[in-house]
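input07.cif (mmCIF, C-alpha atoms)
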```cif
data_protein
#
loop_
_atom_site.label_atom_id
_atom_site.label_comp_id
_atom_site.auth_asym_id
_atom_site.auth_seq_id
_atom_site.Cartn_x
_atom_site.Cartn_y
_atom_site.Cartn_z
CA MET A 16 24.22 53.34 -34.20
CA ILE A 17 23.79 53.53 -30.41
CA ARG A 18 20.17 53.68 -29.25
CA ASP A 19 17.93 52.81 -26.32
CA PHE A 20 17.01 49.19 -25.88
CA GLU A 21 13.55 48.13 -27.05
CA PRO A 22 11.73 44.96 -25.92
CA THR A 23 11.98 43.57 -29.46
CA ASP A 24 15.78 43.68 -29.09
CA ALA A 25 15.84 40.99 -26.41
CA ALA A 26 16.40 38.06 -28.76
CA GLY A 27 19.14 39.95 -30.59
CA VAL A 28 20.91 40.80 -27.34
CA SER A 29 20.73 37.18 -26.23
CA ALA A 30 22.13 36.04 -29.57
CA ALA A 31 24.99 38.55 -29.29
CA LEU A 32 25.88 37.31 -25.81
CA HIS A 33 26.00 33.75 -27.12
CA GLU A 34 28.75 34.77 -29.55
CA GLU A 35 31.14 35.12 -26.62
CA SER A 36 33.52 32.31 -25.74
CA PRO A 37 32.30 30.85 -23.49
CA PRO A 38 28.73 31.88 -24.39
CA GLN A 39 26.86 33.77 -21.71
CA PRO A 40 23.80 31.84 -20.46
CA VAL A 41 21.24 34.62 -20.98
CA THR A 42 17.95 34.06 -22.80
CA ALA A 43 15.75 36.72 -24.36
CA GLU A 44 13.42 36.35 -21.37
CA GLY A 45 16.38 36.87 -19.08
CA VAL A 46 17.31 40.10 -20.86
CA LEU A 47 13.80 41.47 -20.46
CA HIS A 48 13.71 40.41 -16.83
CA TRP A 49 16.90 42.33 -16.08
CA ARG A 50 15.26 45.48 -17.40
CA ASP A 51 11.85 44.98 -15.81
CA ALA A 52 12.83 43.55 -12.41
CA GLN A 53 15.15 46.31 -11.21
CA PRO A 54 13.72 48.40 -8.33
CA GLU A 55 12.54 51.86 -9.30
CA ARG A 56 15.30 53.39 -7.20
CA ALA A 57 17.90 51.62 -9.38
CA ARG A 58 17.02 53.91 -12.32
CA ALA A 59 18.15 51.12 -14.65
CA ARG A 60 18.65 51.71 -18.36
CA LEU A 61 19.83 49.69 -21.37
CA TRP A 62 21.33 50.57 -24.74
CA VAL A 63 22.18 48.57 -27.86
CA ALA A 64 24.67 49.09 -30.66
CA GLU A 65 23.17 48.23 -34.04
CA GLU A 66 24.87 47.83 -37.40
CA ASP A 67 23.07 46.83 -40.60
CA GLY A 68 20.04 45.75 -38.57
CA ARG A 69 22.10 43.48 -36.31
CA ILE A 70 22.68 44.04 -32.60
CA VAL A 71 26.44 43.99 -32.06
CA GLY A 72 26.70 45.53 -28.61
CA TRP A 73 24.81 46.06 -25.38
CA ALA A 74 25.24 48.20 -22.28
CA GLU A 75 23.44 48.18 -18.96
CA THR A 76 23.58 50.44 -15.95
CA ARG A 77 21.83 51.05 -12.65
CA ILE A 78 22.30 52.53 -9.22
CA ARG A 79 23.41 49.69 -6.97
CA TRP A 80 20.46 48.77 -4.79
CA THR A 81 22.07 45.85 -2.94
CA THR A 82 24.61 47.83 -0.91
CA LYS A 83 24.32 50.33 1.94
CA VAL A 84 26.92 52.52 0.22
CA SER A 85 24.94 55.29 -1.47
CA ASP A 86 25.34 56.71 -4.96
CA VAL A 87 27.19 53.75 -6.47
CA GLY A 88 26.38 53.20 -10.13
CA ASP A 89 27.38 50.01 -11.89
CA LEU A 90 27.78 49.66 -15.62
CA TRP A 91 28.75 47.00 -18.09
CA GLY A 92 29.17 47.03 -21.84
CA TYR A 93 29.56 44.17 -24.27
CA VAL A 94 30.54 44.05 -27.94
CA VAL A 95 30.45 40.82 -29.98
CA PRO A 96 34.01 39.62 -30.69
CA SER A 97 33.96 40.21 -34.45
CA TYR A 98 33.01 43.88 -33.97
CA ARG A 99 35.58 44.81 -31.34
CA GLY A 100 38.22 47.43 -32.06
CA ARG A 101 35.82 49.78 -33.87
CA GLY A 102 35.05 52.16 -30.98
CA ILE A 103 31.64 50.63 -30.24
CA GLY A 104 32.52 49.91 -26.61
CA ALA A 105 33.70 53.47 -26.05
CA ALA A 106 30.49 54.85 -27.61
CA LEU A 107 28.35 52.66 -25.37
CA TYR A 108 30.39 53.70 -22.35
CA GLY A 109 29.82 57.36 -23.16
CA GLU A 110 26.04 56.89 -23.05
CA VAL A 111 26.22 54.97 -19.80
CA GLU A 112 28.49 57.48 -18.11
CA ARG A 113 26.29 60.43 -19.04
CA HIS A 114 23.25 58.65 -17.63
CA LEU A 115 24.91 57.82 -14.32
CA LEU A 116 26.28 61.33 -13.92
CA SER A 117 22.80 62.74 -14.54
CA LEU A 118 21.56 60.58 -11.65
CA GLY A 119 24.17 62.01 -9.30
CA ALA A 120 26.26 58.85 -8.95
CA ARG A 121 29.47 59.55 -7.01
CA ILE A 122 31.13 56.19 -7.60
CA LEU A 123 31.16 54.15 -10.80
CA GLU A 124 31.79 50.41 -10.78
CA SER A 125 32.43 48.12 -13.75
CA TRP A 126 34.19 44.92 -14.78
CA THR A 127 35.75 43.33 -17.83
CA TYR A 128 37.53 40.17 -18.92
CA THR A 129 39.21 41.56 -22.07
CA GLU A 130 42.41 43.58 -22.46
CA PRO A 131 40.65 46.27 -24.58
CA GLY A 132 38.07 46.56 -21.79
CA VAL A 133 40.83 47.08 -19.24
CA GLN A 134 42.42 49.77 -21.42
CA LEU A 135 39.09 51.55 -21.92
CA LEU A 136 38.28 51.65 -18.21
CA GLU A 137 41.77 52.73 -17.20
CA SER A 138 41.67 55.51 -19.79
CA ARG A 139 38.46 56.74 -18.16
CA GLY A 140 40.06 56.96 -14.71
CA PHE A 141 39.01 53.60 -13.28
CA ARG A 142 41.31 51.63 -10.98
CA ALA A 143 41.31 47.88 -10.47
CA THR A 144 39.92 46.68 -7.13
CA GLY A 145 40.01 42.91 -7.47
CA THR A 146 39.60 39.90 -9.71
CA GLU A 147 37.11 37.10 -10.12
CA GLN A 148 37.73 33.65 -11.53
CA VAL A 149 35.18 32.44 -14.06
CA SER A 150 35.06 28.64 -14.24
CA ILE A 151 33.13 26.04 -16.20
CA LEU A 152 32.02 22.52 -15.37
CA ASP A 153 31.56 19.98 -18.16
CA ALA A 154 28.32 18.46 -16.86
CA ALA A 155 28.63 15.29 -18.91
CA GLU A 156 32.02 14.55 -17.35
CA ALA A 157 31.07 15.59 -13.81
CA ASP A 158 31.50 13.16 -10.94
CA TYR A 159 28.59 13.38 -8.51
CA ALA A 160 28.88 9.84 -7.14
CA ALA A 161 29.43 11.18 -3.62
CA LEU A 162 26.02 12.86 -3.57
CA GLU A 163 24.00 9.89 -2.33
CA THR A 164 26.33 9.12 0.58
CA LEU A 165 26.62 12.78 1.56
CA GLU A 166 22.85 13.19 1.44
CA ASP A 167 22.38 10.15 3.69
CA GLU A 168 24.97 11.45 6.17
CA ARG A 169 23.35 14.86 6.42
CA LYS A 170 19.90 13.29 6.64
CA ALA A 171 21.06 11.38 9.72
CA GLU A 172 21.97 14.75 11.24
CA GLY A 173 18.50 16.17 10.62
CA PHE A 174 19.01 17.84 7.25
CA ARG A 175 16.90 17.27 4.13
CA LEU A 176 17.76 18.07 0.51
CA VAL A 177 14.85 19.38 -1.59
CA PRO A 178 14.44 21.12 -4.96
CA LEU A 179 13.71 24.84 -4.81
CA GLY A 180 10.19 24.30 -6.10
CA GLU A 181 9.27 22.41 -2.94
CA VAL A 182 10.06 25.38 -0.68
CA ARG A 183 9.56 28.31 -3.05
CA GLY A 184 6.74 29.63 -0.88
CA ARG A 185 9.09 30.11 2.09
CA VAL A 186 10.24 33.42 0.66
CA GLU A 187 11.38 35.14 3.86
CA GLU A 188 13.48 32.17 4.96
CA LEU A 189 15.06 31.74 1.54
CA HIS A 190 15.83 35.45 1.52
CA ARG A 191 17.51 35.12 4.91
CA VAL A 192 19.91 32.48 3.60
CA TYR A 193 20.58 34.35 0.37
CA ALA A 194 21.17 37.72 2.06
CA ALA A 195 23.49 36.24 4.68
CA ALA A 196 25.56 34.48 2.03
CA SER A 197 25.68 37.54 -0.24
CA ALA A 198 26.88 39.81 2.58
CA ASP A 199 29.88 37.53 3.10
CA VAL A 200 30.98 37.46 -0.54
CA PRO A 201 34.22 39.48 -0.89
CA GLU A 202 33.40 42.56 -2.95
CA TYR A 203 34.57 46.16 -2.94
CA PHE A 204 30.99 47.13 -2.08
CA ARG A 205 29.45 44.19 -0.28
CA GLU A 206 25.83 43.30 -0.94
CA ASP A 207 24.62 44.10 2.56
CA ASP A 208 21.25 45.70 1.77
CA ILE A 209 19.28 43.11 -0.21
CA ARG A 210 15.66 43.93 0.64
CA LEU A 211 13.06 41.18 0.61
CA ASP A 212 10.54 42.44 -1.96
CA GLU A 213 13.20 43.70 -4.35
CA TRP A 214 15.10 40.41 -4.09
CA ARG A 215 11.99 38.36 -4.68
CA ARG A 216 11.23 40.15 -7.91
CA GLU A 217 14.80 40.36 -9.22
CA THR A 218 16.14 36.96 -8.14
CA LEU A 219 13.43 34.55 -7.06
CA ASP A 220 11.13 35.47 -9.96
CA HIS A 221 13.88 35.25 -12.58
CA PRO A 222 12.54 33.25 -15.57
CA GLN A 223 15.78 31.27 -15.83
CA LEU A 224 15.89 30.24 -12.16
CA SER A 225 15.14 26.52 -12.21
CA ASP A 226 12.76 25.15 -9.59
CA GLU A 227 13.95 21.63 -10.39
CA GLY A 228 17.66 22.33 -10.88
CA SER A 229 18.13 24.59 -7.84
CA PHE A 230 18.35 22.94 -4.43
CA VAL A 231 17.83 23.84 -0.79
CA VAL A 232 18.81 22.14 2.45
CA VAL A 233 16.24 22.39 5.23
CA ALA A 234 16.69 21.68 8.93
CA GLY A 235 13.23 20.69 10.08
CA GLU A 236 11.34 23.08 7.83
CA GLN A 237 13.87 25.91 7.90
CA PRO A 238 15.99 26.56 4.78
CA VAL A 239 19.63 26.75 5.86
CA ALA A 240 21.60 26.35 2.60
CA LEU A 241 20.88 26.83 -1.10
CA ALA A 242 22.34 26.58 -4.57
CA PHE A 243 20.43 28.53 -7.23
CA LEU A 244 20.88 27.48 -10.86
CA GLU A 245 19.84 29.68 -13.79
CA VAL A 246 19.32 27.69 -16.97
CA ASP A 247 19.56 28.69 -20.62
CA GLU A 248 17.68 25.71 -22.03
CA PRO A 249 18.01 26.52 -25.77
CA ALA A 250 21.79 26.75 -25.45
CA ARG A 251 21.99 23.86 -22.96
CA ILE A 252 24.12 25.89 -20.56
CA ALA A 253 23.56 27.10 -17.01
CA ALA A 254 25.08 29.36 -14.37
CA ASN A 255 25.43 29.16 -10.61
CA GLU A 256 23.51 32.23 -9.47
CA MET A 257 24.28 31.83 -5.75
CA THR A 258 25.46 29.15 -3.35
CA GLY A 259 25.38 29.85 0.36
CA THR A 260 24.74 28.61 3.88
CA LEU A 261 23.54 30.37 7.02
CA PRO A 262 26.60 31.16 9.20
CA GLU A 263 25.49 28.90 12.06
CA PHE A 264 25.23 25.89 9.71
CA ARG A 265 28.54 26.23 7.88
CA ARG A 266 31.41 23.70 7.93
CA ARG A 267 28.99 20.77 7.64
CA GLY A 268 29.27 20.06 3.92
CA LEU A 269 25.91 21.61 3.06
CA ALA A 270 27.28 23.80 0.27
CA ARG A 271 28.88 20.74 -1.29
CA LEU A 272 25.59 18.86 -0.94
CA VAL A 273 23.47 21.45 -2.76
CA LYS A 274 26.07 22.03 -5.47
CA LEU A 275 26.38 18.31 -6.13
CA ALA A 276 22.59 18.14 -6.45
CA THR A 277 22.59 20.91 -9.09
CA ILE A 278 25.37 19.12 -10.97
CA ARG A 279 23.50 15.83 -11.04
CA TRP A 280 20.34 17.55 -12.24
CA ALA A 281 22.27 19.38 -14.97
CA ALA A 282 23.96 16.20 -16.18
CA GLU A 283 20.68 14.28 -16.22
CA HIS A 284 18.81 17.01 -18.12
CA GLY A 285 21.16 17.58 -21.03
CA ILE A 286 22.94 20.68 -19.74
CA GLU A 287 26.38 20.69 -21.31
CA ALA A 288 28.17 23.28 -19.18
CA VAL A 289 27.68 25.12 -15.89
CA GLN A 290 29.41 28.46 -15.35
CA THR A 291 30.34 30.14 -12.10
CA GLY A 292 32.26 33.22 -11.02
CA ASN A 293 34.04 33.64 -7.69
CA SER A 294 36.31 36.25 -6.15
CA HIS A 295 39.96 35.29 -5.82
CA GLU A 296 39.56 36.47 -2.21
CA ASN A 297 37.15 33.60 -1.52
CA PRO A 298 39.47 30.55 -1.33
CA GLY A 299 36.81 28.33 0.24
CA ILE A 300 34.38 28.39 -2.67
CA LEU A 301 37.22 28.25 -5.19
CA ALA A 302 38.53 25.08 -3.55
CA LEU A 303 35.03 23.57 -3.45
CA ASN A 304 34.49 24.25 -7.14
CA ARG A 305 37.86 22.79 -8.09
CA SER A 306 37.06 19.63 -6.15
CA LEU A 307 33.77 19.34 -8.06
CA GLY A 308 35.48 19.56 -11.45
CA TYR A 309 35.11 23.23 -12.37
CA ARG A 310 38.04 24.53 -14.46
CA PRO A 311 39.11 28.18 -14.77
CA VAL A 312 38.49 29.73 -18.20
CA LEU A 313 39.07 33.44 -17.71
CA THR A 314 39.73 36.19 -15.18
CA GLU A 315 37.35 39.10 -14.72
CA THR A 316 38.81 42.34 -13.34
CA HIS A 317 36.63 44.72 -11.32
CA PHE A 318 37.12 48.47 -11.42
CA VAL A 319 35.98 51.53 -9.49
CA ARG A 320 36.07 55.23 -10.32
CA THR A 321 35.36 57.89 -7.69
CA LEU A 322 34.04 61.17 -9.05
#
```
As structure tokens, please, write out the structure in this file.
Amino acid sequence: MIRDFEPTDAAGVSAALHEESPPQPVTAEGVLHWRDAQPERARARLWVAEEDGRIVGWAETRIRWTTKVSDVGDLWGYVVPSYRGRGIGAALYGEVERHLLSLGARILESWTYTEPGVQLLESRGFRATGTEQVSILDAAEADYAALETLEDERKAEGFRLVPLGEVRGRVEELHRVYAAASADVPEYFREDDIRLDEWRRETLDHPQLSDEGSFVVVAGEQPVALAFLEVDEPARIAANEMTGTLPEFRRRGLARLVKLATIRWAAEHGIEAVQTGNSHENPGILALNRSLGYRPVLTETHFVRTL
């Protein structure tokens, strides 16, 4: 049965996402936040697939609010591995597509990391636009010995490494770093319209964003680089939400500094694995992650359909 998502479904959706390999670091609180924190103009909506009282699939959709390109709707569906091949994904997609068409979306965007997902999207008229490498770091095996020396070197240059919680109140400056970094990420539709208030609610207020495990570099009192870490404490896994540096402060090792700080925190606080996803068109961040011990685990293909 395909039906609208209810708040009481959040734990079931989280449990379903943890059946994936690797498990997706999304808590029940994170599921509810995705629904509640989208801007009104996103017209976001969620569905679940239920069988014998168990949630076995989930779909989400919204009008993209982070890009200047108008009328782009993104959608994603997920089915737990043991229930794939039964048409559940296609049924979820049908609900999502009807919703986006009713909103007047002209362009549909989606992604998948499974061959059945590729076949479904291609059968619906989507074309591939690029790929993203999903990688995992084994936190217990991570080598962050260079952090102390790097921090001392940058400190001598006037930079200071602090946890996010220490500068959380500097919302506009954090947004400036985040928006600048996001606009430079290679995507078919670049995130070049991340508005302050919407970003604060959707990203900075995310219940999984760790004040202690996320780090910021400040020059004087100005945030100039950041690495945000979202943590799924019950599962002891985490995800790199964003790493970025203001353009005028790049090529100084600040991204390495903040990422090393998140790795040390994760290792010291019992986090077993840290996930990240990066476009194959972004060789700089891919090389940085490899040097830090991240290993590729799967490839995610992105698709677009123009109506």
(message) Residues near Val84 of chain A, anyone? I mean within 12 Å using all atoms listed in the file, not counting same-chain ones fewer than 2 positions away, as an MDAnalysis selection string.
(response) chainID A and resid 78:82 86:88 120:123 203:208
(request) Could you expand the PyMOL selection byres ((chain A and resi 173-183) around 10) into the explicit residues it covers here, written as a PyMOL selection string? (result) chain A and resi 166-172+184-189+219+224-244+269+272-273+276-277
(request) List the residues selected by the PyMOL selection byres ((chain A and resi 260) around 8) in the file shown, writing them as a ChimeraX atom specification. (result) /A:192-193,195-196,239-241,258-259,261-262,264-265,269-270
(message) What's around Arg77 of chain A at 8 Å? Count only C-alpha atoms, leave out sequence neighbours fewer than 4 positions away in its own chain, and write the answer as a PyMOL selection string.
(response) chain A and resi 57-60+88-90+115
(request) Could you tell me how far atom CA of Ala288 of chain A lies from atom CA of Leu61 of chain A, in Å and to one decimal? (result)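 Value for the atom CA of Ala288 of chain A-atom CA of Leu61 of chain A distance: 27.8 Å.
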Take segment 160-173 of chain A, bring it up to N, CA and C atoms, and give me the output as a PDB file, in the coordinates of the input.
```pdb
ATOM      1  N   ALA A 160      29.138  11.116  -7.810  1.00  0.00           N
ATOM      2  CA  ALA A 160      28.880   9.840  -7.140  1.00  0.00           C
ATOM      3  C   ALA A 160      28.791   9.976  -5.633  1.00  0.00           C
ATOM      4  N   ALA A 161      29.440  11.013  -5.076  1.00  0.00           N
ATOM      5  CA  ALA A 161      29.430  11.180  -3.620  1.00  0.00           C
ATOM      6  C   ALA A 161      28.118  11.750  -3.107  1.00  0.00           C
ATOM      7  N   LEU A 162      27.244  12.180  -4.002  1.00  0.00           N
ATOM      8  CA  LEU A 162      26.020  12.860  -3.570  1.00  0.00           C
ATOM      9  C   LEU A 162      25.154  11.977  -2.678  1.00  0.00           C
ATOM     10  N   GLU A 163      24.907  10.750  -3.086  1.00  0.00           N
ATOM     11  CA  GLU A 163      24.000   9.890  -2.330  1.00  0.00           C
ATOM     12  C   GLU A 163      24.487   9.644  -0.910  1.00  0.00           C
ATOM     13  N   THR A 164      25.772   9.359  -0.761  1.00  0.00           N
ATOM     14  CA  THR A 164      26.330   9.120   0.580  1.00  0.00           C
ATOM     15  C   THR A 164      26.271  10.376   1.424  1.00  0.00           C
ATOM     16  N   LEU A 165      26.639  11.520   0.827  1.00  0.00           N
ATOM     17  CA  LEU A 165      26.620  12.780   1.560  1.00  0.00           C
ATOM     18  C   LEU A 165      25.198  13.134   1.989  1.00  0.00           C
ATOM     19  N   GLU A 166      24.241  12.901   1.102  1.00  0.00           N
ATOM     20  CA  GLU A 166      22.850  13.190   1.440  1.00  0.00           C
ATOM     21  C   GLU A 166      22.397  12.320   2.606  1.00  0.00           C
ATOM     22  N   ASP A 167      22.757  11.047   2.597  1.00  0.00           N
ATOM     23  CA  ASP A 167      22.380  10.150   3.690  1.00  0.00           C
ATOM     24  C   ASP A 167      23.016  10.583   5.009  1.00  0.00           C
ATOM     25  N   GLU A 168      24.278  11.006   4.959  1.00  0.00           N
ATOM     26  CA  GLU A 168      24.970  11.450   6.170  1.00  0.00           C
ATOM     27  C   GLU A 168      24.306  12.692   6.756  1.00  0.00           C
ATOM     28  N   ARG A 169      23.983  13.636   5.915  1.00  0.00           N
ATOM     29  CA  ARG A 169      23.350  14.860   6.420  1.00  0.00           C
ATOM     30  C   ARG A 169      21.917  14.578   6.883  1.00  0.00           C
ATOM     31  N   LYS A 170      21.254  13.654   6.213  1.00  0.00           N
ATOM     32  CA  LYS A 170      19.900  13.290   6.640  1.00  0.00           C
ATOM     33  C   LYS A 170      19.907  12.726   8.043  1.00  0.00           C
ATOM     34  N   ALA A 171      20.931  11.939   8.370  1.00  0.00           N
ATOM     35  CA  ALA A 171      21.060  11.380   9.720  1.00  0.00           C
ATOM     36  C   ALA A 171      21.272  12.469  10.767  1.00  0.00           C
ATOM     37  N   GLU A 172      21.754  13.621  10.332  1.00  0.00           N
ATOM     38  CA  GLU A 172      21.970  14.750  11.240  1.00  0.00           C
ATOM     39  C   GLU A 172      20.769  15.692  11.292  1.00  0.00           C
ATOM     40  N   GLY A 173      19.709  15.356  10.576  1.00  0.00           N
ATOM     41  CA  GLY A 173      18.500  16.170  10.620  1.00  0.00           C
ATOM     42  C   GLY A 173      18.305  17.114   9.464  1.00  0.00           C
TER      43      GLY A 173
END
```
